[in-house]
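First up is the structure itself, then whatever we jot down about it.
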Amino acid sequence: MNTIAPVTAPTLIDPFARLIKYVRLSVTDRCDFRCVYCMSENMQFLPRDHVLTLDEIARIGKIFSGLGVETFRLTGGEPLIRRDLPWLVEQLAAHSEVVMTTNGSRLTQFAKPLKKAGLSRLNISLDTLDEHQFHELTRIGHLKDVLNGIDAAQAAGFTIKLNVVIMKGRNDDQILPLVYFAHERGLDISFIEEMPLGVIDEHSRQLTFMPSDEVRQIIEQEIALAPSQYHTTGPSRYWQTASQLPSAPKSRIGFISPHSHNFCGDCNRVRVTSEGRLLLCLGNEQGTDLMPLLRGSATDHEIVERIKMALTMKPEKHHFDLNDTPQIVRFMNMTGG
Ligand code: SAM
Ligand code: SF4
């Protein structure tokens, strides 16, 4: 009797039996803002020829898609600094879901072309609705650009989630205003605990760190919340309003809590930095450099073998500790947040 070998889909599984279905692609380390928690004021950016070309990123996407990856998140730095980004979205969307995290400042120009290119969803970062505070937190950004960007993205038909990093004494007065803003616009919102990536002289993370539970308590002073059944494949844990009052926010409220509620057990992702380094964990340095393969004569098969080999080093969890000197010296914009 003939035995037929079972057909198995190509998959990436790490040593802790976690299936990798999601890749974050950092398309640039550059940005038109200098957020205080993300980079230093005088950030030195990579020389342009050290950064992956969009063709190289498209090739990486095709290879990961062949390995069972279903979703790509474009991030940075500010992804919309790369003017031809809609072209990249179109290439990736031909085989996978493509989503993006952006500071929103250029969406008035890009929202429509991105929609047309096949981008599915947007996360837009917004830490305050106060113009003065916005300028202090981003150092060079203007709130109006982001608010106009949100309008443009909604008009183009995007589903949007707001990402907020709350820092005690800097923007914790904005928790409720941002929740109500999200509600009025029909947007979801996630509050992210600040992570110790990069050494930032003038900004002490121990002093400003605000755990998710404290953020939630502030929201619950005005709005009763109940855990939501809604789950994404990401690290956000969602709550929703428990009140039936018509005025109560209907948006889902997420919390990303790398410190207070470690989410590594469900990790389904890896990252590729703007210099082509495959990073296996946001909070560890294990990885492999794909750039020499991409710029050499390596075949796709050789790149696949390198990715699979690297995955055997994926750590079980991050080791963020606000009380230690940061072990991770790379800034978030280098990593692809
Ligand atoms: N420029 C885009 C933006 O701001 O949305 C994409 C890149 S940014 C690095 C991605 C996300 O990382 C943003 O939501 C930002 O707030 C978050 N982020 C940056 N540095 C962080 C840190 N040290 N801790 C927690 N979140 C951080
Ligand atoms: Fe730029 Fe985003 Fe970092 Fe702010 S968080 S500096 S917008 S990359």
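Chain labels run A, B, ... following the order of the structure tokens; each chain numbers its residues from 1, and ligands are numbered from 1 in the order shown.
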Dump the neighbourhood of ligand 2 as an NGL selection string: all residues within 10 Å, distances computed on only C-alpha atoms and all ligand atoms. :A and (26 or 28-41 or 43 or 75-79 or 101-105 or 124-127 or 137-141 or 163-165 or 331-337)
Please provide the set of residues having any atom within 6 Å of region 49-64 of chain A, restricted to only C-alpha atoms, with same-chain residues fewer than 4 positions apart removed, written as a ChimeraX atom specification. /A:69,274-275
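Taking atom 7 (C, counted along the ligand's line) of ligand 1 and CA of Arg83 (chain A) as endpoints, the distance between them is 15.9 Å.
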Quick one: residues within 7 Å of Ile20 (chain A), only C-alpha atoms counted, chain neighbours fewer than 3 positions away excluded, as a count of residues only? 5
Write out as an NGL selection string the set of residues from region 100-230 of chain A that DSSP, computed on the backbone, places in helix (DSSP H, G or I). :A and (107-117 or 131-138 or 143-155 or 172-185 or 205-208 or 212-220)
Where does region 120-168 of chain A meet region 200-220 of chain A within 10 Å, residue by residue, with the nearest atom pair and distance in Å to one decimal for each, counting only C-alpha atoms, listed by chain and rising number, as a Markdown table?
| residue | atom | partner | partner_atom | distance |
| --- | --- | --- | --- | --- |
| A:Val165 | CA | A:Met210 | CA | 9.1 |
| A:Ile166 | CA | A:Met210 | CA | 6.6 |
| A:Met167 | CA | A:Thr208 | CA | 4.8 |
| A:Lys168 | CA | A:Thr208 | CA | 4.4 |
Long-range neighbours of Pro177 (chain A) as a PDB file with N, CA, C and O atoms, in the first residue's frame, 10 Å cut-off, only C-alpha atoms, 5 positions minimum in chain:
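Dumped to result_32.pdb:
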ATOM      1  N   THR A 128      -1.204  63.070  23.590  1.00  0.00           N
ATOM      2  CA  THR A 128      -1.845  64.204  24.251  1.00  0.00           C
ATOM      3  C   THR A 128      -2.683  64.991  23.241  1.00  0.00           C
ATOM      4  O   THR A 128      -2.405  64.961  22.037  1.00  0.00           O
ATOM      5  N   LEU A 129      -3.694  65.681  23.775  1.00  0.00           N
ATOM      6  CA  LEU A 129      -4.510  66.559  22.924  1.00  0.00           C
ATOM      7  C   LEU A 129      -4.177  68.023  23.191  1.00  0.00           C
ATOM      8  O   LEU A 129      -4.869  68.923  22.706  1.00  0.00           O
ATOM      9  N   ASP A 130      -3.151  68.243  23.994  1.00  0.00           N
ATOM     10  CA  ASP A 130      -2.750  69.606  24.346  1.00  0.00           C
ATOM     11  C   ASP A 130      -1.560  70.011  23.468  1.00  0.00           C
ATOM     12  O   ASP A 130      -0.512  69.346  23.499  1.00  0.00           O
ATOM     13  N   ALA A 182     -11.262  59.200  21.650  1.00  0.00           N
ATOM     14  CA  ALA A 182     -11.385  57.933  20.901  1.00  0.00           C
ATOM     15  C   ALA A 182     -12.862  57.567  20.746  1.00  0.00           C
ATOM     16  O   ALA A 182     -13.315  57.160  19.667  1.00  0.00           O
ATOM     17  N   HIS A 183     -13.604  57.749  21.820  1.00  0.00           N
ATOM     18  CA  HIS A 183     -15.034  57.419  21.799  1.00  0.00           C
ATOM     19  C   HIS A 183     -15.785  58.259  20.762  1.00  0.00           C
ATOM     20  O   HIS A 183     -16.555  57.745  19.949  1.00  0.00           O
ATOM     21  N   ILE A 219      -9.225  55.755  34.560  1.00  0.00           N
ATOM     22  CA  ILE A 219     -10.385  55.681  33.644  1.00  0.00           C
ATOM     23  C   ILE A 219     -11.621  55.260  34.435  1.00  0.00           C
ATOM     24  O   ILE A 219     -12.713  55.815  34.266  1.00  0.00           O
TER      25      ILE A 219
END
What's around Asn123 (chain A) at 6 Å? Count only C-alpha atoms, leave out sequence neighbours fewer than 3 positions away in its own chain, and write the answer as a ChimeraX atom specification. /A:101,160-162
Residues as selected, all heavy atoms, written as a CSV table (one decimal), in the first residue's frame, can you do that?
chain,number,residue,atom,x,y,z
A,101,THR,N,2.0,51.3,11.8
A,101,THR,CA,2.0,52.2,12.9
A,101,THR,C,2.7,53.5,12.5
A,101,THR,O,3.8,53.5,11.9
A,101,THR,CB,2.8,51.6,14.1
A,101,THR,OG1,2.3,50.3,14.4
A,101,THR,CG2,2.7,52.5,15.3
A,160,ILE,N,-9.0,52.5,12.8
A,160,ILE,CA,-7.8,53.1,13.5
A,160,ILE,C,-7.8,52.7,14.9
A,160,ILE,O,-8.8,52.7,15.6
A,160,ILE,CB,-7.9,54.6,13.3
A,160,ILE,CG1,-7.8,55.0,11.9
A,160,ILE,CG2,-6.8,55.3,14.1
A,160,ILE,CD1,-8.2,56.5,11.6
A,161,LYS,N,-6.6,52.4,15.4
A,161,LYS,CA,-6.4,52.3,16.9
A,161,LYS,C,-5.4,53.4,17.3
A,161,LYS,O,-4.4,53.6,16.6
A,161,LYS,CB,-5.9,50.9,17.3
A,161,LYS,CG,-5.6,50.8,18.8
A,161,LYS,CD,-5.4,49.3,19.1
A,161,LYS,CE,-4.1,48.8,18.8
A,161,LYS,NZ,-3.0,49.0,19.8
A,162,LEU,N,-5.7,54.1,18.4
A,162,LEU,CA,-4.7,55.1,18.9
A,162,LEU,C,-3.8,54.3,19.8
A,162,LEU,O,-4.2,53.5,20.6
A,162,LEU,CB,-5.4,56.2,19.7
A,162,LEU,CG,-6.4,57.1,18.9
A,162,LEU,CD1,-7.0,58.1,19.8
A,162,LEU,CD2,-5.7,57.7,17.7
Provide the CA of Pro227 (chain A) to CA of Gln240 (chain A) distance in Å, to one decimal place.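 Calculated distance between CA of Pro227 (chain A) and CA of Gln240 (chain A) is 6.3 Å.
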Fewer than 5 positions away in the same chain doesn't count, so skip those; otherwise give me all residues within 10 Å of Gln109 (chain A), counting only C-alpha atoms, as a PyMOL selection string. chain A and resi 80+114+149+152-153
Going by DSSP on the backbone, which residues of region 156-261 of chain A come out as strand (DSSP E or B)? List them as a PyMOL selection string. chain A and resi 159-165+188-192+225-227+237-241+253-256
Which residues come within 8 Å of Tyr238 (chain A), counting only C-alpha atoms, excluding same-chain residues fewer than 6 positions away, as a PyMOL selection string? chain A and resi 227-231+252-255
Shortest interatomic distance to ligand 1 - which of A:Leu178, A:Ala17, A:Leu74, A:Val98, counting only C-alpha atoms and all ligand atoms: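 Once distances to ligand 1 are computed over only C-alpha atoms and all ligand atoms, the minimum belongs to A:Leu74.
Between Leu282 (chain A) and the candidates A:Lys115, A:Lys308, A:Lys144, A:Lys314, the tightest atom-to-atom separation, counting only C-alpha atoms, involves A:Lys314.
When atom 26 (N, counted along the ligand's line) of ligand 1 is paired with CA of Glu193 (chain A), their separation reads 6.6 Å.
Each of A:Pro258, A:Pro113, A:Pro86, A:Gly287 was compared to ligand 1 using only C-alpha atoms and all ligand atoms, and A:Pro258 turns out to be the nearest.
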